[in-house]
Amino acid sequence: MYDGKIIFIVLDGLGDRITPQLGNKTPLQSAKTPNLDKMASIGITGIVDVISPGIAPGSDSAHLSLFGYDPFEEYPGRGVFEASGFGLDLDDDEIAFRTNFGTVEEDGNTLILKDRRAGRISGPEAKGLIDSIKEIVIDGIKFKTLHTLEHRGILIMKGDGLSAEISDIDPHATNVPVLKSMPLEKATDFKAAKRTAELLNKYVLAVYRKLKDHPINKKRVKEGKLPGNIILPRGASKKFTLESFKHRWGFNPACVAVGPLYKGVARILGFKLYDPPGGTGLPNTNIKSKFETGLKALEAHDFVFIHLKGTDTASHKKEPITKRDFIERFDREFTIILDAIEKGATVLVTGDHSTPAVLGRHSGDPVPVVIAGPNIRPDKVNKFDEISCASGGLHRIRGKDLMPILLSYTDRNLEYGLHPTNKSQRYIPHTWKGLRIE
């Protein structure tokens, strides 16, 4: 029924480190996962340096690598993926940023970042704050801010002569000053980049002045909560194109995700998007619905990507027990994916990066991977976790190695050197023409 078809499941931030709260085990080691362990016992396992050993991936660059793109050569910046996931197609005179609400305190003339997520502000409070800064014009340049999920948002900067070759405002750390955006040293148009950075700095300060005494923030402070009194833009990027996933790998792909970033990466690569009922992008998401939606999509597609965010959210909140519990809930619903393997599907489960709960942020630790399907040569590993998978038959590979491996396991790959003009040696491209008798 599913012969030759692939289900590609990413548990965001899955990898972890040993955790004292869990008896010096990782959350994945500590979790009861009979279904994932069964998959490991019939499949092949390994560990993945999603970008390269020791490099802590961003979620956008990580997914590009997992889908077989080179983040060192094909990464345009995060903002455009966030915008795409929200259904926005950038104009040539627009720059997109991913944003967070943050909490800052004044120290003389310096703003010190105390929390990068403003206590994970969300719902009506986040929307109310966004409404007060929704559209701002500075020196003729329009700044439009949109709320997406929890503390997250998108900033669109629109006007003539703008450059995306600027640094972030977000320092990606706390108890340090909010950064001043600067032009990149090797900017192709340094003058435009300098002007863009200066305008972005003006915008961030204007937002701070509007938000610091906002009634919603005053109420939050009174309740002992962190105020969302600043916007932290990062990942400046402009309109761009990448080779489609179908053209690169030959699959007709679909995506089941909720978070704008993951939908955005998939949309730009040409995936058809499916919205799972009850999907939230949070630990309380309806996992069963995501799996059911993915299997339904597999009827019309031969490659289905399913994304789950709960593991990463728990890690960022430094809650290893919540992460373990989410993994166990994932495993309980995983039986229908095991059934799909029985029906001929090739299934891959991995993470896009490690987010150790003891650390609360992404790290350079590799993530575990397991692949099972009709053509797999199984190894001797029978437990799915970071330590067990390190002994697996895939050994230690890079994220961009996974797609060629999946082509091989689904008998789609070409022999290397079969055709000298087909440098990728991936599959028979649809652009090749058959010889016709005239």
# chains A, B, ... in the order shown; residues from 1 in each chain; ligands from 1
>>> residues_around(residues="region 401-411 of chain A", least_positions_apart="3", cutoff="10 Å", atoms="only C-alpha atoms", output="ChimeraX atom specification")
/A:3-6,8,48-50,65-69,249-251,345-348,369,371-377,394,397-398,414,424-427
>>> closest_atom_pairs(of="region 225-267 of chain A", to="region 172-180 of chain A", cutoff="12 Å", atoms="only C-alpha atoms", output="CSV")
residue,atom,partner,partner_atom,distance
A:Ile230,CA,A:Val178,CA,9.6
A:Ile231,CA,A:Val178,CA,10.2
A:Leu232,CA,A:Val178,CA,8.3
A:Pro233,CA,A:Leu179,CA,10.2
A:Arg234,CA,A:His172,CA,9.6
A:Gly235,CA,A:His172,CA,11.8
>>> write_last_selection(atoms="N, CA and C atoms", output="JSON list (two decimals), in the first residue's frame")
[["chain", "number", "residue", "atom", "x", "y", "z"],
["A", 230, "ILE", "N", 10.15, 44.68, 24.62],
["A", 230, "ILE", "CA", 11.03, 44.94, 23.48],
["A", 230, "ILE", "C", 10.79, 43.87, 22.41],
["A", 231, "ILE", "N", 11.09, 44.20, 21.17],
["A", 231, "ILE", "CA", 11.07, 43.25, 20.07],
["A", 231, "ILE", "C", 12.53, 42.98, 19.68],
["A", 232, "LEU", "N", 12.85, 41.70, 19.48],
["A", 232, "LEU", "CA", 14.22, 41.28, 19.17],
["A", 232, "LEU", "C", 14.27, 40.69, 17.76],
["A", 233, "PRO", "N", 14.56, 41.48, 16.73],
["A", 233, "PRO", "CA", 14.63, 40.95, 15.36],
["A", 233, "PRO", "C", 15.93, 40.18, 15.12],
["A", 234, "ARG", "N", 15.82, 39.13, 14.31],
["A", 234, "ARG", "CA", 17.01, 38.38, 13.88],
["A", 234, "ARG", "C", 16.74, 37.72, 12.54],
["A", 235, "GLY", "N", 17.80, 37.27, 11.88],
["A", 235, "GLY", "CA", 17.66, 36.50, 10.65],
["A", 235, "GLY", "C", 17.16, 37.31, 9.46]]
>>> residues_around(residues="Phe72 (chain A)", least_positions_apart="3", cutoff="9 Å", atoms="only C-alpha atoms", output="ChimeraX atom specification")
/A:51,61,69,75
>>> closest_residue(among="A:Leu11, A:Asp70, A:Thr350, A:Asp168", to="Ser52 (chain A)", atoms="only C-alpha atoms")
A:Asp70
>>> residues_around(residues="Val80 (chain A)", least_positions_apart="2", cutoff="7 Å", atoms="only C-alpha atoms", output="count of residues only")
9
>>> select_by_dssp(residues="region 201-237 of chain A", states="alpha helix (DSSP H)", output="ChimeraX atom specification")
/A:201-211,215-222
>>> closest_residue(among="A:Ile268, A:Leu226, A:Ile130, A:Leu36", to="Pro368 (chain A)", atoms="only C-alpha atoms")
A:Leu36
